[in-house]
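The structure file run-v3.cif is reproduced below (mmCIF, C-alpha atoms).
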```cif
data_target
loop_
_atom_site.label_atom_id
_atom_site.label_comp_id
_atom_site.auth_asym_id
_atom_site.auth_seq_id
_atom_site.Cartn_x
_atom_site.Cartn_y
_atom_site.Cartn_z
CA MET A 1 -9.96 37.37 -32.64
CA ASP A 2 -8.03 34.22 -31.79
CA GLN A 3 -11.22 32.30 -31.07
CA ARG A 4 -12.79 33.43 -34.33
CA THR A 5 -9.69 32.24 -36.17
CA CYS A 6 -10.04 28.86 -34.46
CA ILE A 7 -13.70 28.69 -35.49
CA LYS A 8 -12.72 29.48 -39.08
CA PHE A 9 -10.10 26.73 -38.94
CA CYS A 10 -12.73 24.24 -37.75
CA VAL A 11 -15.05 25.24 -40.58
CA LYS A 12 -12.28 24.72 -43.15
CA ASN A 13 -11.55 21.27 -41.72
CA GLU A 14 -15.26 20.32 -41.57
CA ILE A 15 -15.27 19.98 -37.78
CA LYS A 16 -18.74 20.15 -36.31
CA CYS A 17 -19.75 23.28 -34.45
CA ALA A 18 -20.42 21.37 -31.20
CA ASP A 19 -16.94 19.86 -31.33
CA ALA A 20 -15.46 23.28 -32.11
CA PHE A 21 -17.21 24.81 -29.09
CA ARG A 22 -15.92 21.97 -26.90
CA MET A 23 -12.37 22.53 -28.13
CA LEU A 24 -12.61 26.26 -27.43
CA THR A 25 -13.88 25.58 -23.92
CA VAL A 26 -10.93 23.29 -23.19
CA GLU A 27 -8.43 25.84 -24.49
CA TYR A 28 -9.84 29.16 -23.25
CA GLY A 29 -11.84 28.04 -20.20
CA GLU A 30 -14.02 30.79 -18.75
CA ALA A 31 -12.89 33.28 -21.42
CA THR A 32 -14.57 31.23 -24.16
CA LEU A 33 -17.22 32.92 -26.29
CA ASN A 34 -20.73 31.92 -25.34
CA ARG A 35 -22.44 29.22 -27.34
CA SER A 36 -24.64 31.55 -29.36
CA ASN A 37 -21.67 33.62 -30.59
CA VAL A 38 -19.71 30.50 -31.51
CA TYR A 39 -22.62 29.17 -33.55
CA ARG A 40 -23.17 32.60 -35.15
CA TRP A 41 -19.54 32.91 -36.33
CA TYR A 42 -19.51 29.26 -37.42
CA LYS A 43 -22.54 29.91 -39.62
CA MET A 44 -21.01 33.06 -41.15
CA PHE A 45 -17.73 31.27 -41.96
CA SER A 46 -19.70 28.36 -43.41
CA GLU A 47 -21.51 30.80 -45.71
CA GLY A 48 -18.20 32.03 -47.13
CA ARG A 49 -17.07 34.85 -44.83
CA GLU A 50 -13.27 35.21 -44.56
CA ASP A 51 -12.74 38.29 -42.38
CA VAL A 52 -12.54 37.59 -38.62
CA ASN A 53 -12.86 41.26 -37.66
CA ASP A 54 -16.12 42.98 -36.86
CA GLU A 55 -17.75 44.89 -39.65
CA GLU A 56 -17.96 48.65 -39.41
CA ARG A 57 -21.20 49.74 -37.81
CA VAL A 58 -23.06 52.97 -38.35
CA GLY A 59 -23.61 54.98 -35.22
CA ARG A 60 -21.90 56.60 -32.36
CA PRO A 61 -18.67 54.85 -31.29
CA SER A 62 -18.49 53.45 -27.79
CA THR A 63 -16.48 55.56 -25.37
CA SER A 64 -16.82 53.22 -22.39
CA THR A 65 -15.32 50.00 -23.69
CA THR A 66 -12.14 51.43 -25.10
CA ASP A 67 -8.76 49.85 -24.39
CA GLU A 68 -7.93 52.65 -21.96
CA LYS A 69 -11.13 52.12 -19.95
CA ILE A 70 -10.58 48.36 -19.90
CA ASN A 71 -7.03 48.82 -18.59
CA GLU A 72 -8.26 51.23 -15.89
CA VAL A 73 -10.97 48.78 -14.80
CA GLU A 74 -8.45 45.94 -14.66
CA LYS A 75 -6.07 48.00 -12.50
CA MET A 76 -8.87 48.85 -10.06
CA ILE A 77 -9.91 45.20 -9.76
CA LEU A 78 -6.36 43.98 -9.21
CA ALA A 79 -5.91 46.63 -6.53
CA ASN A 80 -9.14 45.63 -4.73
CA ARG A 81 -10.62 42.24 -5.55
CA ARG A 82 -13.78 43.02 -3.55
CA ILE A 83 -14.64 46.22 -5.36
CA THR A 84 -18.20 46.46 -6.67
CA VAL A 85 -19.37 47.19 -10.20
CA ARG A 86 -21.17 50.30 -8.96
CA LYS A 87 -17.98 51.66 -7.35
CA VAL A 88 -15.99 51.18 -10.57
CA SER A 89 -18.81 52.74 -12.57
CA GLU A 90 -18.87 55.85 -10.37
CA ASP A 91 -15.08 56.28 -10.28
CA LEU A 92 -14.63 55.95 -14.06
CA ASN A 93 -17.88 57.73 -14.96
CA ILE A 94 -19.22 54.95 -17.16
CA SER A 95 -22.56 53.17 -17.05
CA ILE A 96 -23.11 50.10 -14.88
CA GLY A 97 -24.02 48.06 -17.97
CA SER A 98 -20.79 48.96 -19.76
CA CYS A 99 -18.79 48.31 -16.62
CA HIS A 100 -20.44 44.93 -16.15
CA SER A 101 -19.74 44.10 -19.81
CA ILE A 102 -16.05 44.90 -19.30
CA PHE A 103 -15.96 42.64 -16.23
CA ILE A 104 -17.58 39.67 -17.95
CA ASN A 105 -16.83 39.91 -21.66
CA ASP A 106 -13.55 41.80 -21.95
CA LEU A 107 -11.74 40.69 -18.79
CA GLY A 108 -13.49 37.30 -18.47
CA MET A 109 -13.97 37.70 -14.73
CA ARG A 110 -16.73 36.47 -12.45
CA ARG A 111 -17.40 37.08 -8.77
CA VAL A 112 -16.99 34.05 -6.52
CA ALA A 113 -17.15 33.52 -2.77
CA ALA A 114 -14.09 32.46 -0.81
CA LYS A 115 -13.81 28.76 -0.10
CA PHE A 116 -13.56 27.66 3.53
CA VAL A 117 -10.55 25.45 4.28
CA PRO A 118 -9.30 24.09 7.64
CA LYS A 119 -6.07 26.06 7.42
CA LEU A 120 -4.29 28.27 4.93
CA LEU A 121 -1.01 26.55 4.13
CA ASN A 122 2.19 28.48 3.62
CA CYS A 123 4.58 27.80 0.75
CA ASP A 124 6.67 25.28 2.70
CA GLN A 125 3.59 23.32 3.81
CA LYS A 126 2.23 23.27 0.26
CA GLN A 127 5.55 22.02 -1.06
CA HIS A 128 5.69 19.37 1.65
CA ARG A 129 2.15 18.27 0.81
CA MET A 130 3.01 18.03 -2.88
CA ASN A 131 6.18 16.04 -2.14
CA ILE A 132 4.28 13.50 -0.06
CA ALA A 133 1.56 13.22 -2.71
CA ASN A 134 4.18 12.56 -5.39
CA GLU A 135 5.87 10.05 -3.12
CA MET A 136 2.59 8.17 -2.63
CA LEU A 137 1.91 8.18 -6.39
CA ASP A 138 5.39 6.80 -7.06
CA SER A 139 4.84 4.09 -4.44
CA VAL A 140 1.57 3.04 -6.07
CA ARG A 141 3.22 2.92 -9.50
CA ASP A 142 6.03 0.75 -8.15
CA ASP A 143 3.66 -1.51 -6.20
CA PRO A 144 0.13 -1.71 -7.71
CA ASN A 145 -1.07 -3.74 -4.68
CA LEU A 146 0.01 -1.10 -2.19
CA LEU A 147 -3.49 0.24 -1.50
CA GLN A 148 -4.79 -3.30 -0.92
CA ARG A 149 -2.45 -3.53 2.07
CA ASP A 150 -3.35 -0.12 3.45
CA ILE A 151 -5.50 0.05 6.59
CA THR A 152 -6.81 3.52 7.36
CA GLY A 153 -8.81 4.78 10.31
CA ASP A 154 -10.18 7.80 12.09
CA GLU A 155 -12.73 8.91 14.71
CA SER A 156 -16.12 10.51 14.20
CA TRP A 157 -19.19 11.36 16.27
CA VAL A 158 -22.31 9.33 15.51
CA TYR A 159 -25.65 10.74 16.69
CA GLY A 160 -28.66 8.80 17.87
CA TYR A 161 -30.84 10.94 15.63
CA ASP A 162 -29.39 13.01 12.82
CA VAL A 163 -31.22 15.28 10.41
CA GLU A 164 -31.73 13.80 6.97
CA THR A 165 -29.81 15.31 4.07
CA LYS A 166 -31.35 17.43 1.32
CA ALA A 167 -30.94 14.55 -1.11
CA GLN A 168 -32.82 12.21 1.24
CA SER A 169 -35.69 14.65 1.67
CA SER A 170 -36.03 15.48 -2.03
CA GLN A 171 -39.11 14.22 -3.88
CA TRP A 172 -40.85 14.54 -7.24
CA LYS A 173 -43.70 17.00 -7.72
CA LEU A 174 -46.03 18.03 -10.50
CA PRO A 175 -45.93 21.57 -11.95
CA HIS A 176 -49.16 22.61 -10.21
CA GLU A 177 -48.16 21.17 -6.81
CA PRO A 178 -46.53 23.38 -4.14
CA ARG A 179 -42.97 22.81 -3.08
CA PRO A 180 -42.77 20.47 -0.06
CA LYS A 181 -41.71 21.91 3.28
CA LYS A 182 -40.09 20.48 6.36
CA ALA A 183 -39.53 21.91 9.82
CA ARG A 184 -36.08 22.75 11.10
CA GLN A 185 -34.67 19.88 13.12
CA VAL A 186 -31.66 19.39 15.35
CA ARG A 187 -29.42 16.49 16.15
CA SER A 188 -30.02 14.55 19.31
CA ASN A 189 -27.74 15.04 22.28
CA VAL A 190 -27.24 11.30 22.41
CA LYS A 191 -24.00 10.63 20.59
CA VAL A 192 -21.04 8.30 20.68
CA LEU A 193 -17.51 8.55 19.27
CA LEU A 194 -16.79 5.76 16.82
CA THR A 195 -13.24 4.72 15.96
CA VAL A 196 -13.08 2.55 12.86
CA PHE A 197 -10.33 1.08 10.67
CA PHE A 198 -10.99 -0.39 7.24
CA ASP A 199 -9.27 -1.50 4.06
CA CYS A 200 -10.38 -2.38 0.53
CA ARG A 201 -12.13 -5.54 1.80
CA GLY A 202 -14.21 -3.91 4.52
CA VAL A 203 -14.11 -2.95 8.19
CA VAL A 204 -11.17 -4.42 10.09
CA HIS A 205 -11.75 -3.01 13.58
CA HIS A 206 -14.11 -0.65 15.34
CA GLU A 207 -14.79 0.42 18.90
CA PHE A 208 -16.68 3.08 20.80
CA LEU A 209 -15.25 5.62 23.19
CA PRO A 210 -16.31 4.81 26.77
CA GLN A 211 -18.45 7.40 28.50
CA GLY A 212 -16.43 10.05 30.30
CA ARG A 213 -13.17 9.39 28.45
CA THR A 214 -11.35 11.43 25.84
CA VAL A 215 -9.19 10.41 22.89
CA ASN A 216 -5.72 10.81 24.38
CA LYS A 217 -2.49 8.95 23.83
CA GLU A 218 -3.29 6.26 26.42
CA TYR A 219 -6.65 5.52 24.84
CA TYR A 220 -5.26 5.47 21.31
CA LEU A 221 -2.43 3.18 22.42
CA GLN A 222 -5.03 0.63 23.52
CA VAL A 223 -6.82 1.12 20.19
CA MET A 224 -3.59 0.25 18.37
CA ARG A 225 -3.25 -2.93 20.39
CA ASN A 226 -6.83 -3.90 19.63
CA LEU A 227 -6.26 -3.12 15.95
CA ARG A 228 -3.25 -5.45 15.79
CA GLU A 229 -5.30 -8.25 17.33
CA ALA A 230 -8.11 -7.62 14.83
CA ILE A 231 -5.66 -7.74 11.92
CA ARG A 232 -4.25 -11.03 13.23
CA GLN A 233 -7.73 -12.57 13.30
CA LYS A 234 -9.39 -11.00 10.23
CA ARG A 235 -6.42 -10.41 7.91
CA PRO A 236 -4.09 -13.36 8.59
CA ASP A 237 -2.34 -12.94 5.25
CA LEU A 238 -1.32 -9.37 6.06
CA TRP A 239 -0.37 -10.38 9.59
CA GLU A 240 1.90 -13.22 8.48
CA ASN A 241 3.65 -11.17 5.82
CA LYS A 242 3.89 -8.12 8.11
CA ASN A 243 3.47 -5.86 5.09
CA TRP A 244 0.29 -3.95 6.04
CA LEU A 245 0.43 -0.16 6.26
CA LEU A 246 -1.30 2.08 8.77
CA HIS A 247 -2.77 5.38 7.59
CA HIS A 248 -4.22 7.93 10.00
CA ASP A 249 -4.17 11.70 10.31
CA ASN A 250 -1.90 13.87 12.44
CA ALA A 251 -4.15 14.27 15.47
CA PRO A 252 -2.21 14.82 18.71
CA ALA A 253 -3.17 11.39 20.05
CA HIS A 254 -2.07 9.72 16.81
CA THR A 255 1.35 11.37 16.68
CA SER A 256 2.18 11.21 20.37
CA LEU A 257 5.57 9.81 21.38
CA LEU A 258 3.94 6.92 23.22
CA VAL A 259 2.04 5.77 20.14
CA ARG A 260 4.96 6.29 17.77
CA ASP A 261 7.20 4.29 20.09
CA ILE A 262 4.91 1.24 20.14
CA LEU A 263 4.46 1.41 16.36
CA ALA A 264 8.22 1.52 15.87
CA LYS A 265 8.77 -1.44 18.23
CA ASN A 266 6.24 -3.51 16.25
CA ASN A 267 7.79 -2.45 12.90
CA THR A 268 4.47 -1.03 11.71
CA LEU A 269 4.74 0.55 8.29
CA MET A 270 3.19 4.02 8.11
CA MET A 271 1.55 5.73 5.15
CA PRO A 272 2.88 9.33 5.07
CA GLN A 273 0.39 12.05 5.92
CA PRO A 274 1.18 15.76 5.36
CA PRO A 275 0.09 18.16 8.10
CA TYR A 276 -3.21 20.03 7.87
CA SER A 277 -4.50 17.74 5.11
CA PRO A 278 -7.76 16.16 6.31
CA ASP A 279 -8.84 15.61 2.70
CA LEU A 280 -6.29 12.84 2.13
CA PRO A 281 -7.49 10.15 4.60
CA PRO A 282 -10.47 8.45 2.94
CA CYS A 283 -12.50 8.21 6.17
CA ASP A 284 -13.85 11.76 6.05
CA PHE A 285 -14.92 11.79 2.41
CA PHE A 286 -15.68 8.08 1.83
CA LEU A 287 -16.44 5.99 4.92
CA PHE A 288 -18.13 8.28 7.44
CA PRO A 289 -20.61 9.96 5.04
CA LYS A 290 -21.77 6.55 3.81
CA LEU A 291 -21.77 5.09 7.31
CA LYS A 292 -23.89 7.91 8.73
CA ARG A 293 -26.30 8.10 5.84
CA PRO A 294 -28.48 5.20 7.10
CA MET A 295 -28.57 6.95 10.50
CA LYS A 296 -29.88 10.22 9.06
CA GLY A 297 -33.62 10.70 9.00
CA ARG A 298 -34.49 7.50 10.80
CA GLN A 299 -38.13 8.24 10.20
CA THR A 300 -37.59 6.66 6.76
CA LYS A 301 -36.84 3.34 8.44
CA ILE A 302 -40.04 3.68 10.44
CA GLU A 303 -41.96 4.16 7.20
CA ILE A 304 -40.32 1.05 5.76
CA LEU A 305 -41.23 -0.98 8.85
CA ASP A 306 -44.82 0.28 8.70
CA ARG A 307 -45.13 -0.76 5.05
CA LEU A 308 -43.70 -4.20 5.79
CA ARG A 309 -46.09 -4.60 8.71
CA LYS A 310 -49.01 -3.76 6.42
CA GLY A 311 -48.01 -6.62 4.14
CA ASP A 312 -46.06 -4.88 1.36
CA ARG A 313 -43.52 -7.08 -0.38
CA VAL A 314 -39.80 -6.51 0.13
CA VAL A 315 -39.36 -6.10 -3.64
CA ASP A 316 -41.89 -3.26 -3.77
CA VAL A 317 -40.34 -1.48 -0.79
CA THR A 318 -36.88 -1.88 -2.35
CA LYS A 319 -38.00 -0.13 -5.52
CA SER A 320 -39.72 2.67 -3.62
CA TYR A 321 -36.68 3.61 -1.54
CA SER A 322 -33.91 2.66 -4.02
CA MET A 323 -32.33 0.22 -1.55
CA ASN A 324 -31.16 -3.33 -1.98
CA GLU A 325 -33.15 -6.21 -0.53
CA ALA A 326 -30.48 -7.07 2.04
CA THR A 327 -30.81 -3.60 3.58
CA ILE A 328 -34.61 -3.87 3.80
CA ARG A 329 -34.36 -7.30 5.43
CA THR A 330 -31.80 -6.00 7.93
CA ILE A 331 -34.14 -3.15 8.84
CA ARG A 332 -36.96 -5.64 9.38
CA THR A 333 -34.71 -7.85 11.52
CA ASN A 334 -33.73 -4.91 13.75
CA GLU A 335 -37.27 -3.50 13.98
CA ASN A 336 -37.39 -3.38 17.78
CA THR A 337 -33.98 -1.74 18.05
CA ILE A 338 -34.81 0.91 15.44
CA ARG A 339 -38.18 1.83 16.95
CA LYS A 340 -36.77 2.14 20.47
CA SER A 341 -33.79 4.16 19.26
CA VAL A 342 -35.96 6.56 17.25
CA ALA A 343 -38.34 7.04 20.17
CA ALA A 344 -35.49 7.75 22.57
CA GLY A 345 -33.68 10.01 20.11
CA ASN A 346 -36.76 12.11 19.31
CA THR A 347 -37.55 12.69 22.96
CA THR A 348 -34.04 13.87 23.79
CA CYS A 349 -33.22 15.90 20.67
CA MET A 350 -34.65 19.11 22.15
CA GLY A 351 -33.55 18.47 25.73
CA THR A 352 -30.41 19.35 27.59
CA THR A 353 -27.19 17.43 27.21
CA SER A 354 -27.03 14.31 29.35
CA TYR A 355 -23.75 13.03 30.72
CA THR A 356 -25.10 9.71 31.93
CA ARG A 357 -25.02 6.66 29.74
CA ASN A 358 -28.62 5.98 28.72
CA ILE A 359 -30.44 3.25 26.87
CA ALA A 360 -30.54 5.18 23.60
CA MET A 361 -26.74 5.35 23.41
CA GLU A 362 -26.39 1.63 24.14
CA LYS A 363 -29.01 0.77 21.52
CA MET A 364 -27.28 2.99 18.98
CA GLU A 365 -23.95 1.28 19.61
CA GLN A 366 -25.59 -2.12 19.26
CA ALA A 367 -27.20 -1.13 15.96
CA LEU A 368 -23.89 0.13 14.57
CA MET A 369 -22.07 -2.99 15.74
CA LEU A 370 -24.68 -5.28 14.18
CA TRP A 371 -24.42 -3.46 10.87
CA ILE A 372 -20.62 -3.46 10.78
CA GLU A 373 -20.35 -7.12 11.85
CA ASP A 374 -22.94 -8.14 9.27
CA GLN A 375 -21.02 -6.46 6.45
CA THR A 376 -17.74 -7.89 7.73
CA GLN A 377 -19.06 -11.45 7.82
CA LYS A 378 -20.54 -11.15 4.33
CA GLU A 379 -17.27 -9.55 3.13
CA TYR A 380 -19.22 -6.96 1.12
CA PRO A 381 -17.19 -4.12 -0.39
CA LEU A 382 -18.06 -0.96 1.50
CA ILE A 383 -19.26 0.87 -1.59
CA ARG A 384 -21.86 -1.87 -2.17
CA ALA A 385 -22.84 -2.28 1.45
CA LEU A 386 -23.39 1.45 1.92
#
```
The structure in this file should be written as structure tokens.
Amino acid sequence: MDQRTCIKFCVKNEIKCADAFRMLTVEYGEATLNRSNVYRWYKMFSEGREDVNDEERVGRPSTSTTDEKINEVEKMILANRRITVRKVSEDLNISIGSCHSIFINDLGMRRVAAKFVPKLLNCDQKQHRMNIANEMLDSVRDDPNLLQRDITGDESWVYGYDVETKAQSSQWKLPHEPRPKKARQVRSNVKVLLTVFFDCRGVVHHEFLPQGRTVNKEYYLQVMRNLREAIRQKRPDLWENKNWLLHHDNAPAHTSLLVRDILAKNNTLMMPQPPYSPDLPPCDFFLFPKLKRPMKGRQTKIEILDRLRKGDRVVDVTKSYSMNEATIRTIRTNENTIRKSVAAGNTTCMGTTSYTRNIAMEKMEQALMLWIEDQTQKEYPLIRAL
């Protein structure tokens, strides 16, 4: 009834039906009337109807969607969120259609799957996370240039051959054409752990984990020393002012006493990071997906190289693959490296794991280093370069 009153108000004030439906959606969310009902009531009110109640209908009254039945269904759902429509229908002796109508229309409910999260936070952890988020927002309001001085980093595995994403493999088809298919593929066993630090201007420092080593406090301590040297060389303004901030997650190696001690001795400012919050550091949702995207489905690069070898112009290839010309030229420059890496990756992707450092891993590191150094020298923003 409230929504019908709102629709009547919009009609009286000459608000368009589309705008009225948008306003109802903002206010009532998932409980909003569907579009067809909104337009139907809008038309009736426009034609002069004043009553917002349903008109009396001839026929047998409904005994399933009464207020008592709706309350009973709601109690059963609140007692067991995973209960099925059939179970409720059998227990209350009403039809499945009426029961489903109560679920959707009267109670405004819909069945959703549980969302996977790294860890379920308790009330104290949630409050701590919210306090740190508010603290960071207040810091940005007080100092608008704060994020320009922030240097964030993390580690991630990079594979010699990685399966292309669904978006990369999508293609246009005509109505009469069959849907394209592709075989199931697996990642190669050739992989390397990349540690990278970046800011708003690009990559500041990166290095690869040596074969046979693990990311422990001793290794990360050396990474911190290398990072300071990279900041001194590549960000002299931040180094002279000593006002840069370090942002990393709460991995055991990052929060070890040895690392915290050296950071405190060097007066390194730290960006706060709440525990069990991997969604806050921008590496996981910004840098690494874009960094690994060119590595996924390397067969695309082989196709580009084959077209260039046949004599196709760079401009035509750029339009075909929605890439910029600099990326196509870089692929052509590194043709030998790409072909050797793809050949080595494809031959090892179905084999057993190798613990010896092979040529494919070295070539993959060289390709990543060339790409990162090229973008650093050109000082391209990462969102453009990737």
Q) A:Arg339, A:Lys217, A:Lys87, A:Arg110: which is nearest A:Ala251, counting only C-alpha atoms? A)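 Looking at the shortest contact to A:Ala251, the residue is A:Lys217.
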Q. Could you state the separation of atom CA of A:Asp67 and atom CA of A:Lys8 in Å, given to one decimal place?
A.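 Answer for the atom CA of A:Asp67 to atom CA of A:Lys8 separation: 25.4 Å.
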(Q) Could you tell me how far atom CA of A:Ile7 sits from atom CA of A:His100, in Å to one decimal place? (A)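 Straight-line distance from atom CA of A:His100 to atom CA of A:Ile7 works out to 26.1 Å.
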Q.
Ranking A:His128, A:His176, A:Arg82, A:Lys119 by minimum distance to A:Pro274 and counting all atoms listed in the file, which one comes first?
A.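 Looking at the shortest contact to A:Pro274, the residue is A:His128.
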Q | Residue neighbourhood A:Val52, 12 Å, all atoms listed in the file, exclusion window fewer than 6 positions, as a VMD selection string | A | chain A and resid 1 to 9 41 to 42 44 to 45
Q. Contacts of stretch 194-199 of chain A at 7 Å or less, counting all atoms listed in the file, minus same-chain residues fewer than 3 places along, as a list in words?
A.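 Result of the neighbour search: Gln148, Asp150, Ile151, Thr152, Gly153, Asp154, Glu155, Ser156, Trp157, Val158, Gly202, Val203, Val204, His205, His206, Glu207, Phe208 and Leu209 of chain A.
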